[in-house]
>>> print(open('upload01.cif').read())   # mmCIF, N, CA and C atoms
data_data
#
loop_
_atom_site.label_atom_id
_atom_site.label_comp_id
_atom_site.auth_asym_id
_atom_site.auth_seq_id
_atom_site.Cartn_x
_atom_site.Cartn_y
_atom_site.Cartn_z
N MET A 99 52.57 11.53 181.25
CA MET A 99 52.95 12.87 180.86
C MET A 99 54.24 13.24 181.61
N ARG A 100 55.13 13.83 180.91
CA ARG A 100 56.40 14.25 181.50
C ARG A 100 56.24 15.62 182.17
N LEU A 101 57.10 15.87 183.14
CA LEU A 101 57.01 17.10 183.91
C LEU A 101 57.08 18.37 183.05
N PRO A 102 58.00 18.48 182.08
CA PRO A 102 58.02 19.72 181.28
C PRO A 102 56.71 19.95 180.50
N GLN A 103 56.13 18.90 179.96
CA GLN A 103 54.86 19.03 179.25
C GLN A 103 53.75 19.45 180.22
N PHE A 104 53.72 18.83 181.39
CA PHE A 104 52.73 19.17 182.41
C PHE A 104 52.89 20.63 182.84
N SER A 105 54.11 21.07 183.03
CA SER A 105 54.38 22.44 183.43
C SER A 105 53.90 23.43 182.37
N ARG A 106 54.14 23.12 181.10
CA ARG A 106 53.67 23.99 180.01
C ARG A 106 52.14 24.04 179.98
N MET A 107 51.50 22.90 180.21
CA MET A 107 50.04 22.87 180.20
C MET A 107 49.48 23.71 181.35
N LEU A 108 50.09 23.62 182.52
CA LEU A 108 49.64 24.43 183.65
C LEU A 108 49.85 25.92 183.37
N ASP A 109 50.99 26.28 182.80
CA ASP A 109 51.25 27.68 182.47
C ASP A 109 50.22 28.20 181.47
N ALA A 110 49.87 27.38 180.48
CA ALA A 110 48.88 27.80 179.48
C ALA A 110 47.49 27.93 180.09
N ALA A 111 47.17 27.09 181.06
CA ALA A 111 45.84 27.08 181.67
C ALA A 111 45.69 28.14 182.76
N LYS A 112 46.77 28.63 183.30
CA LYS A 112 46.72 29.55 184.44
C LYS A 112 45.83 30.77 184.20
N PRO A 113 45.92 31.47 183.06
CA PRO A 113 45.04 32.64 182.86
C PRO A 113 43.55 32.28 182.91
N ILE A 114 43.20 31.13 182.37
CA ILE A 114 41.80 30.70 182.39
C ILE A 114 41.36 30.41 183.82
N PHE A 115 42.18 29.68 184.56
CA PHE A 115 41.84 29.35 185.94
C PHE A 115 41.73 30.62 186.79
N LEU A 116 42.59 31.60 186.56
CA LEU A 116 42.52 32.86 187.31
C LEU A 116 41.24 33.62 186.99
N GLN A 117 40.80 33.59 185.72
CA GLN A 117 39.55 34.25 185.35
C GLN A 117 38.35 33.58 186.03
N ILE A 118 38.38 32.25 186.09
CA ILE A 118 37.30 31.52 186.75
C ILE A 118 37.28 31.88 188.23
N GLU A 119 38.44 31.89 188.85
CA GLU A 119 38.52 32.21 190.28
C GLU A 119 38.08 33.64 190.54
N ALA A 120 38.43 34.57 189.66
CA ALA A 120 38.07 35.97 189.85
C ALA A 120 36.56 36.20 189.74
N ALA A 121 35.83 35.28 189.13
CA ALA A 121 34.37 35.40 189.03
C ALA A 121 33.68 35.08 190.35
N SER A 122 34.42 34.56 191.31
CA SER A 122 33.87 34.25 192.63
C SER A 122 33.64 35.55 193.40
N PRO A 123 32.57 35.61 194.20
CA PRO A 123 32.32 36.84 194.96
C PRO A 123 33.33 37.11 196.06
N SER A 124 34.15 36.14 196.42
CA SER A 124 35.10 36.34 197.51
C SER A 124 36.52 36.61 197.03
N VAL A 125 36.73 36.65 195.70
CA VAL A 125 38.07 36.82 195.14
C VAL A 125 38.07 38.00 194.18
N GLY A 126 39.05 38.88 194.31
CA GLY A 126 39.18 40.00 193.40
C GLY A 126 39.93 39.61 192.14
N PHE A 127 39.93 40.50 191.16
CA PHE A 127 40.61 40.21 189.91
C PHE A 127 42.13 40.14 190.07
N ASP A 128 42.62 40.63 191.20
CA ASP A 128 44.05 40.51 191.45
C ASP A 128 44.38 39.23 192.22
N GLY A 129 43.35 38.39 192.49
CA GLY A 129 43.57 37.11 193.15
C GLY A 129 43.50 37.14 194.67
N ARG A 130 43.37 38.32 195.26
CA ARG A 130 43.33 38.38 196.71
C ARG A 130 41.89 38.25 197.21
N GLY A 131 41.75 37.87 198.45
CA GLY A 131 40.43 37.78 199.06
C GLY A 131 39.82 39.15 199.27
N LEU A 132 38.51 39.23 199.16
CA LEU A 132 37.82 40.50 199.32
C LEU A 132 37.10 40.57 200.66
N THR A 133 36.97 41.78 201.18
CA THR A 133 36.13 41.98 202.36
C THR A 133 34.67 41.94 201.89
N ARG A 134 33.76 41.85 202.84
CA ARG A 134 32.34 41.82 202.47
C ARG A 134 31.94 43.09 201.71
N GLU A 135 32.43 44.23 202.17
CA GLU A 135 32.10 45.50 201.51
C GLU A 135 32.64 45.52 200.08
N GLU A 136 33.85 45.07 199.90
CA GLU A 136 34.42 45.03 198.55
C GLU A 136 33.65 44.05 197.67
N SER A 137 33.27 42.92 198.25
CA SER A 137 32.53 41.90 197.51
C SER A 137 31.19 42.42 197.02
N GLU A 138 30.54 43.26 197.82
CA GLU A 138 29.24 43.81 197.44
C GLU A 138 29.34 44.80 196.29
N ARG A 139 30.55 45.25 195.96
CA ARG A 139 30.73 46.20 194.86
C ARG A 139 31.51 45.59 193.70
N THR A 140 31.76 44.28 193.75
CA THR A 140 32.58 43.63 192.74
C THR A 140 31.73 42.71 191.87
N VAL A 141 31.92 42.80 190.57
CA VAL A 141 31.22 41.94 189.61
C VAL A 141 31.57 40.49 189.91
N ASN A 142 30.54 39.64 190.04
CA ASN A 142 30.77 38.22 190.28
C ASN A 142 29.60 37.42 189.73
N VAL A 143 29.76 36.12 189.62
CA VAL A 143 28.73 35.27 189.01
C VAL A 143 27.67 34.76 189.98
N GLU A 144 27.83 35.01 191.28
CA GLU A 144 26.91 34.43 192.26
C GLU A 144 25.88 35.39 192.83
N TYR A 145 26.30 36.56 193.24
CA TYR A 145 25.43 37.46 193.98
C TYR A 145 25.31 38.82 193.28
N PRO A 146 24.18 39.51 193.48
CA PRO A 146 24.08 40.88 192.97
C PRO A 146 25.13 41.78 193.61
N TRP A 147 25.54 42.81 192.91
CA TRP A 147 26.50 43.77 193.44
C TRP A 147 25.97 45.18 193.20
N GLN A 148 26.44 46.11 194.02
CA GLN A 148 26.00 47.50 193.89
C GLN A 148 26.74 48.18 192.76
N ASN A 149 25.96 48.76 191.86
CA ASN A 149 26.53 49.54 190.76
C ASN A 149 26.83 50.95 191.24
N ASP A 150 25.94 51.47 192.05
CA ASP A 150 26.12 52.75 192.72
C ASP A 150 25.31 52.69 194.01
N ALA A 151 25.16 53.78 194.69
CA ALA A 151 24.49 53.75 196.00
C ALA A 151 23.04 53.31 195.91
N ALA A 152 22.39 53.49 194.76
CA ALA A 152 20.96 53.21 194.66
C ALA A 152 20.60 51.99 193.80
N SER A 153 21.54 51.41 193.09
CA SER A 153 21.15 50.31 192.19
C SER A 153 22.06 49.09 192.36
N TRP A 154 21.43 47.94 192.14
CA TRP A 154 22.12 46.66 192.21
C TRP A 154 22.05 46.00 190.84
N VAL A 155 23.03 45.16 190.55
CA VAL A 155 23.08 44.45 189.27
C VAL A 155 23.02 42.95 189.56
N ALA A 156 22.13 42.26 188.86
CA ALA A 156 22.02 40.80 189.01
C ALA A 156 23.00 40.13 188.05
N PRO A 157 23.71 39.10 188.49
CA PRO A 157 24.66 38.42 187.61
C PRO A 157 24.04 37.92 186.32
N ALA A 158 22.78 37.49 186.37
CA ALA A 158 22.12 36.95 185.17
C ALA A 158 21.94 38.01 184.09
N SER A 159 22.01 39.29 184.46
CA SER A 159 21.81 40.36 183.48
C SER A 159 23.11 40.81 182.82
N ARG A 160 24.21 40.18 183.15
CA ARG A 160 25.51 40.62 182.64
C ARG A 160 26.24 39.49 181.93
N PRO A 161 26.76 39.76 180.75
CA PRO A 161 27.59 38.73 180.10
C PRO A 161 28.99 38.71 180.73
N PHE A 162 29.47 37.52 181.02
CA PHE A 162 30.80 37.38 181.60
C PHE A 162 31.75 36.86 180.53
N PRO A 163 32.86 37.56 180.28
CA PRO A 163 33.79 37.12 179.24
C PRO A 163 34.29 35.69 179.43
N ILE A 164 34.46 35.25 180.68
CA ILE A 164 34.97 33.91 180.91
C ILE A 164 33.99 32.86 180.38
N VAL A 165 32.71 33.13 180.44
CA VAL A 165 31.72 32.17 179.92
C VAL A 165 31.90 32.02 178.42
N ARG A 166 32.04 33.14 177.72
CA ARG A 166 32.28 33.09 176.27
C ARG A 166 33.60 32.36 175.98
N ASP A 167 34.63 32.68 176.76
CA ASP A 167 35.93 32.03 176.55
C ASP A 167 35.84 30.52 176.76
N LEU A 168 35.12 30.11 177.80
CA LEU A 168 35.01 28.67 178.07
C LEU A 168 34.29 27.95 176.93
N ARG A 169 33.41 28.65 176.26
CA ARG A 169 32.67 28.03 175.15
C ARG A 169 33.46 28.01 173.85
N TYR A 170 34.24 29.07 173.58
CA TYR A 170 34.79 29.23 172.24
C TYR A 170 36.31 29.29 172.13
N ASP A 171 37.01 29.52 173.20
CA ASP A 171 38.47 29.65 173.15
C ASP A 171 39.11 28.27 173.31
N PRO A 172 39.89 27.83 172.33
CA PRO A 172 40.53 26.51 172.44
C PRO A 172 41.42 26.37 173.67
N ARG A 173 42.01 27.46 174.14
CA ARG A 173 42.84 27.40 175.35
C ARG A 173 41.98 27.03 176.56
N SER A 174 40.76 27.53 176.60
CA SER A 174 39.85 27.19 177.70
C SER A 174 39.48 25.72 177.65
N TYR A 175 39.21 25.22 176.46
CA TYR A 175 38.88 23.81 176.32
C TYR A 175 40.03 22.94 176.84
N ARG A 176 41.25 23.31 176.47
CA ARG A 176 42.42 22.55 176.94
C ARG A 176 42.59 22.66 178.46
N ALA A 177 42.31 23.85 179.02
CA ALA A 177 42.43 24.03 180.47
C ALA A 177 41.42 23.16 181.21
N VAL A 178 40.18 23.13 180.72
CA VAL A 178 39.16 22.31 181.37
C VAL A 178 39.49 20.83 181.19
N ARG A 179 39.99 20.46 180.04
CA ARG A 179 40.39 19.06 179.81
C ARG A 179 41.53 18.67 180.76
N LEU A 180 42.49 19.57 180.96
CA LEU A 180 43.58 19.31 181.90
C LEU A 180 43.02 19.12 183.31
N LEU A 181 42.12 19.97 183.72
CA LEU A 181 41.51 19.85 185.04
C LEU A 181 40.79 18.51 185.18
N ASP A 182 40.08 18.10 184.15
CA ASP A 182 39.40 16.81 184.17
C ASP A 182 40.40 15.66 184.32
N ARG A 183 41.51 15.75 183.62
CA ARG A 183 42.55 14.71 183.73
C ARG A 183 43.15 14.68 185.13
N LEU A 184 43.37 15.86 185.72
CA LEU A 184 43.92 15.92 187.08
C LEU A 184 42.96 15.31 188.09
N ILE A 185 41.68 15.61 187.94
CA ILE A 185 40.68 15.03 188.84
C ILE A 185 40.63 13.51 188.67
N GLY A 186 40.68 13.04 187.42
CA GLY A 186 40.70 11.60 187.18
C GLY A 186 41.91 10.94 187.79
N ALA A 187 43.07 11.57 187.68
CA ALA A 187 44.30 11.01 188.26
C ALA A 187 44.21 10.98 189.79
N ALA A 188 43.65 12.02 190.38
CA ALA A 188 43.50 12.06 191.83
C ALA A 188 42.53 10.95 192.29
N ASP A 189 41.44 10.79 191.55
CA ASP A 189 40.49 9.73 191.90
C ASP A 189 41.14 8.34 191.85
N ALA A 190 42.07 8.18 190.93
CA ALA A 190 42.72 6.87 190.76
C ALA A 190 43.68 6.56 191.90
N VAL A 191 44.25 7.56 192.53
CA VAL A 191 45.26 7.30 193.56
C VAL A 191 44.83 7.59 194.99
N LEU A 192 43.78 8.40 195.16
CA LEU A 192 43.33 8.73 196.50
C LEU A 192 42.31 7.72 196.99
N PRO A 193 42.35 7.39 198.28
CA PRO A 193 41.36 6.44 198.81
C PRO A 193 39.97 7.06 198.87
N GLU A 194 38.97 6.22 198.77
CA GLU A 194 37.58 6.69 198.90
C GLU A 194 37.34 7.10 200.34
N PRO A 195 36.53 8.14 200.56
CA PRO A 195 36.25 8.57 201.95
C PRO A 195 35.40 7.56 202.70
#
>>> encode(input="upload01.cif", output="structure tokens")
Amino acid sequence: MRLPQFSRMLDAAKPIFLQIEAASPSVGFDGRGLTREESERTVNVEYPWQNDAASWVAPASRPFPIVRDLRYDPRSYRAVRLLDRLIGAADAVLPEP
């Protein structure tokens, strides 16, 4: 793969990768790290979060748009395929631990 093609593929995949990263309890939707207090009030795929002072929401009870996108959006399929190719290339050149 040539560098310009690789660069275009990364640019196309970036929004998908950012959405996946933002689903982490330690990362906000703006890409920055969250404090514990912020994390407890932020929607994420791992841990319950506070909806208000008296109620918590379990991740299993909420649909996440990124899950739908990963299943049905062709851009997501290409992003995951690119990631798979990058991991395969790294495995081919990096020494075994």
>>> residues_around(input="upload01.cif", residues="Ala121 of chain A", least_positions_apart="6", cutoff="6 Å", atoms="all atoms listed in the file", output="number ranges by chain")
A: 141-144
>>> residues_around(input="upload01.cif", residues="segment 108-119 of chain A", least_positions_apart="5", cutoff="6.5 Å", atoms="all atoms listed in the file", output="list in words")
Gln103, Val125, Gly126, Ile164, Arg173, Ser174, Arg176 and Ala177 of chain A
>>> write_last_selection(input="upload01.cif", atoms="N, CA and C atoms", output="mmCIF file, in the coordinates of the input")
data_model
loop_
_atom_site.group_PDB
_atom_site.id
_atom_site.type_symbol
_atom_site.label_atom_id
_atom_site.label_comp_id
_atom_site.auth_asym_id
_atom_site.auth_seq_id
_atom_site.Cartn_x
_atom_site.Cartn_y
_atom_site.Cartn_z
ATOM 1 N N GLN A 103 56.130 18.900 179.960
ATOM 2 C CA GLN A 103 54.860 19.030 179.250
ATOM 3 C C GLN A 103 53.750 19.450 180.220
ATOM 4 N N VAL A 125 36.730 36.650 195.700
ATOM 5 C CA VAL A 125 38.070 36.820 195.140
ATOM 6 C C VAL A 125 38.070 38.000 194.180
ATOM 7 N N GLY A 126 39.050 38.880 194.310
ATOM 8 C CA GLY A 126 39.180 40.000 193.400
ATOM 9 C C GLY A 126 39.930 39.610 192.140
ATOM 10 N N ILE A 164 34.460 35.250 180.680
ATOM 11 C CA ILE A 164 34.970 33.910 180.910
ATOM 12 C C ILE A 164 33.990 32.860 180.380
ATOM 13 N N ARG A 173 42.010 27.460 174.140
ATOM 14 C CA ARG A 173 42.840 27.400 175.350
ATOM 15 C C ARG A 173 41.980 27.030 176.560
ATOM 16 N N SER A 174 40.760 27.530 176.600
ATOM 17 C CA SER A 174 39.850 27.190 177.700
ATOM 18 C C SER A 174 39.480 25.720 177.650
ATOM 19 N N ARG A 176 41.250 23.310 176.470
ATOM 20 C CA ARG A 176 42.420 22.550 176.940
ATOM 21 C C ARG A 176 42.590 22.660 178.460
ATOM 22 N N ALA A 177 42.310 23.850 179.020
ATOM 23 C CA ALA A 177 42.430 24.030 180.470
ATOM 24 C C ALA A 177 41.420 23.160 181.210
#
>>> atom_distance(input="upload01.cif", atom1="atom CA of Leu101 of chain A", atom2="atom CA of Asp189 of chain A")
19.8 Å
>>> select_by_dssp(input="upload01.cif", residues="segment 117-189 of chain A", states="helix (DSSP H, G or I)", output="PyMOL selection string")
chain A and resi 117-120+134-137+157-159+163-170+172-189
>>> write_last_selection(input="upload01.cif", atoms="N, CA and C atoms", output="CSV table (one decimal), in the coordinates of the input")
chain,number,residue,atom,x,y,z
A,117,GLN,N,40.8,33.6,185.7
A,117,GLN,CA,39.6,34.2,185.4
A,117,GLN,C,38.4,33.6,186.0
A,118,ILE,N,38.4,32.2,186.1
A,118,ILE,CA,37.3,31.5,186.8
A,118,ILE,C,37.3,31.9,188.2
A,119,GLU,N,38.4,31.9,188.8
A,119,GLU,CA,38.5,32.2,190.3
A,119,GLU,C,38.1,33.6,190.5
A,120,ALA,N,38.4,34.6,189.7
A,120,ALA,CA,38.1,36.0,189.8
A,120,ALA,C,36.6,36.2,189.7
A,134,ARG,N,33.8,41.8,202.8
A,134,ARG,CA,32.3,41.8,202.5
A,134,ARG,C,31.9,43.1,201.7
A,135,GLU,N,32.4,44.2,202.2
A,135,GLU,CA,32.1,45.5,201.5
A,135,GLU,C,32.6,45.5,200.1
A,136,GLU,N,33.8,45.1,199.9
A,136,GLU,CA,34.4,45.0,198.6
A,136,GLU,C,33.6,44.0,197.7
A,137,SER,N,33.3,42.9,198.2
A,137,SER,CA,32.5,41.9,197.5
A,137,SER,C,31.2,42.4,197.0
A,157,PRO,N,23.7,39.1,188.5
A,157,PRO,CA,24.7,38.4,187.6
A,157,PRO,C,24.0,37.9,186.3
A,158,ALA,N,22.8,37.5,186.4
A,158,ALA,CA,22.1,37.0,185.2
A,158,ALA,C,21.9,38.0,184.1
A,159,SER,N,22.0,39.3,184.5
A,159,SER,CA,21.8,40.4,183.5
A,159,SER,C,23.1,40.8,182.8
A,163,PRO,N,32.9,37.6,180.3
A,163,PRO,CA,33.8,37.1,179.2
A,163,PRO,C,34.3,35.7,179.4
A,164,ILE,N,34.5,35.2,180.7
A,164,ILE,CA,35.0,33.9,180.9
A,164,ILE,C,34.0,32.9,180.4
A,165,VAL,N,32.7,33.1,180.4
A,165,VAL,CA,31.7,32.2,179.9
A,165,VAL,C,31.9,32.0,178.4
A,166,ARG,N,32.0,33.1,177.7
A,166,ARG,CA,32.3,33.1,176.3
A,166,ARG,C,33.6,32.4,176.0
A,167,ASP,N,34.6,32.7,176.8
A,167,ASP,CA,35.9,32.0,176.6
A,167,ASP,C,35.8,30.5,176.8
A,168,LEU,N,35.1,30.1,177.8
A,168,LEU,CA,35.0,28.7,178.1
A,168,LEU,C,34.3,28.0,176.9
A,169,ARG,N,33.4,28.6,176.3
A,169,ARG,CA,32.7,28.0,175.2
A,169,ARG,C,33.5,28.0,173.8
A,170,TYR,N,34.2,29.1,173.6
A,170,TYR,CA,34.8,29.2,172.2
A,170,TYR,C,36.3,29.3,172.1
A,172,PRO,N,39.9,27.8,172.3
A,172,PRO,CA,40.5,26.5,172.4
A,172,PRO,C,41.4,26.4,173.7
A,173,ARG,N,42.0,27.5,174.1
A,173,ARG,CA,42.8,27.4,175.4
A,173,ARG,C,42.0,27.0,176.6
A,174,SER,N,40.8,27.5,176.6
A,174,SER,CA,39.8,27.2,177.7
A,174,SER,C,39.5,25.7,177.6
A,175,TYR,N,39.2,25.2,176.5
A,175,TYR,CA,38.9,23.8,176.3
A,175,TYR,C,40.0,22.9,176.8
A,176,ARG,N,41.2,23.3,176.5
A,176,ARG,CA,42.4,22.6,176.9
A,176,ARG,C,42.6,22.7,178.5
A,177,ALA,N,42.3,23.8,179.0
A,177,ALA,CA,42.4,24.0,180.5
A,177,ALA,C,41.4,23.2,181.2
A,178,VAL,N,40.2,23.1,180.7
A,178,VAL,CA,39.2,22.3,181.4
A,178,VAL,C,39.5,20.8,181.2
A,179,ARG,N,40.0,20.5,180.0
A,179,ARG,CA,40.4,19.1,179.8
A,179,ARG,C,41.5,18.7,180.8
A,180,LEU,N,42.5,19.6,181.0
A,180,LEU,CA,43.6,19.3,181.9
A,180,LEU,C,43.0,19.1,183.3
A,181,LEU,N,42.1,20.0,183.7
A,181,LEU,CA,41.5,19.8,185.0
A,181,LEU,C,40.8,18.5,185.2
A,182,ASP,N,40.1,18.1,184.2
A,182,ASP,CA,39.4,16.8,184.2
A,182,ASP,C,40.4,15.7,184.3
A,183,ARG,N,41.5,15.8,183.6
A,183,ARG,CA,42.6,14.7,183.7
A,183,ARG,C,43.2,14.7,185.1
A,184,LEU,N,43.4,15.9,185.7
A,184,LEU,CA,43.9,15.9,187.1
A,184,LEU,C,43.0,15.3,188.1
A,185,ILE,N,41.7,15.6,187.9
A,185,ILE,CA,40.7,15.0,188.8
A,185,ILE,C,40.6,13.5,188.7
A,186,GLY,N,40.7,13.0,187.4
A,186,GLY,CA,40.7,11.6,187.2
A,186,GLY,C,41.9,10.9,187.8
A,187,ALA,N,43.1,11.6,187.7
A,187,ALA,CA,44.3,11.0,188.3
A,187,ALA,C,44.2,11.0,189.8
A,188,ALA,N,43.6,12.0,190.4
A,188,ALA,CA,43.5,12.1,191.8
A,188,ALA,C,42.5,11.0,192.3
A,189,ASP,N,41.4,10.8,191.6
A,189,ASP,CA,40.5,9.7,191.9
A,189,ASP,C,41.1,8.3,191.8
>>> closest_residue(input="upload01.cif", among="A:Glu135, A:Arg160, A:Gly186, A:Ser122", to="Gln148 of chain A", atoms="only C-alpha atoms")
A:Glu135
>>> decode(input="upload01.cif", residues="segment 101-158 of chain A", atoms="C-alpha atoms", output="PDB file, in the first residue's frame")
ATOM      1  CA  LEU A 101       1.483   6.233   1.654  1.00  0.00           C
ATOM      2  CA  PRO A 102      -1.261   8.444   0.102  1.00  0.00           C
ATOM      3  CA  GLN A 103      -3.719   5.519   0.055  1.00  0.00           C
ATOM      4  CA  PHE A 104      -2.791   4.602   3.633  1.00  0.00           C
ATOM      5  CA  SER A 105      -3.237   8.223   4.724  1.00  0.00           C
ATOM      6  CA  ARG A 106      -6.705   8.380   3.125  1.00  0.00           C
ATOM      7  CA  MET A 107      -7.695   5.128   4.837  1.00  0.00           C
ATOM      8  CA  LEU A 108      -6.576   6.460   8.222  1.00  0.00           C
ATOM      9  CA  ASP A 109      -8.455   9.726   7.672  1.00  0.00           C
ATOM     10  CA  ALA A 110     -11.617   7.794   6.768  1.00  0.00           C
ATOM     11  CA  ALA A 111     -11.262   5.512   9.805  1.00  0.00           C
ATOM     12  CA  LYS A 112     -10.484   8.266  12.319  1.00  0.00           C
ATOM     13  CA  PRO A 113     -14.131   9.131  13.212  1.00  0.00           C
ATOM     14  CA  ILE A 114     -14.887   5.464  13.902  1.00  0.00           C
ATOM     15  CA  PHE A 115     -11.777   5.009  16.041  1.00  0.00           C
ATOM     16  CA  LEU A 116     -12.611   8.178  18.004  1.00  0.00           C
ATOM     17  CA  GLN A 117     -16.145   6.897  18.680  1.00  0.00           C
ATOM     18  CA  ILE A 118     -14.739   3.588  19.938  1.00  0.00           C
ATOM     19  CA  GLU A 119     -12.265   5.401  22.171  1.00  0.00           C
ATOM     20  CA  ALA A 120     -14.962   7.744  23.508  1.00  0.00           C
ATOM     21  CA  ALA A 121     -16.968   4.703  24.695  1.00  0.00           C
ATOM     22  CA  SER A 122     -14.204   4.031  27.241  1.00  0.00           C
ATOM     23  CA  PRO A 123     -14.971   5.157  30.796  1.00  0.00           C
ATOM     24  CA  SER A 124     -11.668   7.037  31.010  1.00  0.00           C
ATOM     25  CA  VAL A 125     -12.032   9.081  27.788  1.00  0.00           C
ATOM     26  CA  GLY A 126     -14.476  11.881  27.065  1.00  0.00           C
ATOM     27  CA  PHE A 127     -16.163  12.536  23.742  1.00  0.00           C
ATOM     28  CA  ASP A 128     -13.656  15.302  23.131  1.00  0.00           C
ATOM     29  CA  GLY A 129     -10.805  12.761  23.395  1.00  0.00           C
ATOM     30  CA  ARG A 130      -9.356  13.998  26.677  1.00  0.00           C
ATOM     31  CA  GLY A 131      -8.897  11.911  29.792  1.00  0.00           C
ATOM     32  CA  LEU A 132     -11.599  12.133  32.433  1.00  0.00           C
ATOM     33  CA  THR A 133     -11.326  12.466  36.183  1.00  0.00           C
ATOM     34  CA  ARG A 134     -13.010   9.784  38.281  1.00  0.00           C
ATOM     35  CA  GLU A 135     -15.901  12.139  39.071  1.00  0.00           C
ATOM     36  CA  GLU A 136     -16.405  12.972  35.398  1.00  0.00           C
ATOM     37  CA  SER A 137     -16.174   9.295  34.485  1.00  0.00           C
ATOM     38  CA  GLU A 138     -18.940   8.419  36.943  1.00  0.00           C
ATOM     39  CA  ARG A 139     -21.280  10.804  35.093  1.00  0.00           C
ATOM     40  CA  THR A 140     -20.254   9.916  31.530  1.00  0.00           C
ATOM     41  CA  VAL A 141     -21.953   7.352  29.299  1.00  0.00           C
ATOM     42  CA  ASN A 142     -19.562   4.457  28.651  1.00  0.00           C
ATOM     43  CA  VAL A 143     -19.660   0.770  27.714  1.00  0.00           C
ATOM     44  CA  GLU A 144     -17.945  -0.630  30.830  1.00  0.00           C
ATOM     45  CA  TYR A 145     -19.337   0.782  34.063  1.00  0.00           C
ATOM     46  CA  PRO A 146     -22.651   2.186  35.319  1.00  0.00           C
ATOM     47  CA  TRP A 147     -22.852   5.975  35.430  1.00  0.00           C
ATOM     48  CA  GLN A 148     -24.983   8.389  37.429  1.00  0.00           C
ATOM     49  CA  ASN A 149     -27.944   9.783  35.563  1.00  0.00           C
ATOM     50  CA  ASP A 150     -28.755  12.090  38.453  1.00  0.00           C
ATOM     51  CA  ALA A 151     -28.012  12.148  42.173  1.00  0.00           C
ATOM     52  CA  ALA A 152     -30.285   9.172  42.900  1.00  0.00           C
ATOM     53  CA  SER A 153     -30.096   6.878  39.858  1.00  0.00           C
ATOM     54  CA  TRP A 154     -27.474   4.908  37.984  1.00  0.00           C
ATOM     55  CA  VAL A 155     -27.611   3.571  34.426  1.00  0.00           C
ATOM     56  CA  ALA A 156     -26.174   0.185  33.446  1.00  0.00           C
ATOM     57  CA  PRO A 157     -24.393   0.080  30.067  1.00  0.00           C
ATOM     58  CA  ALA A 158     -26.359  -3.045  29.077  1.00  0.00           C
TER      59      ALA A 158
END
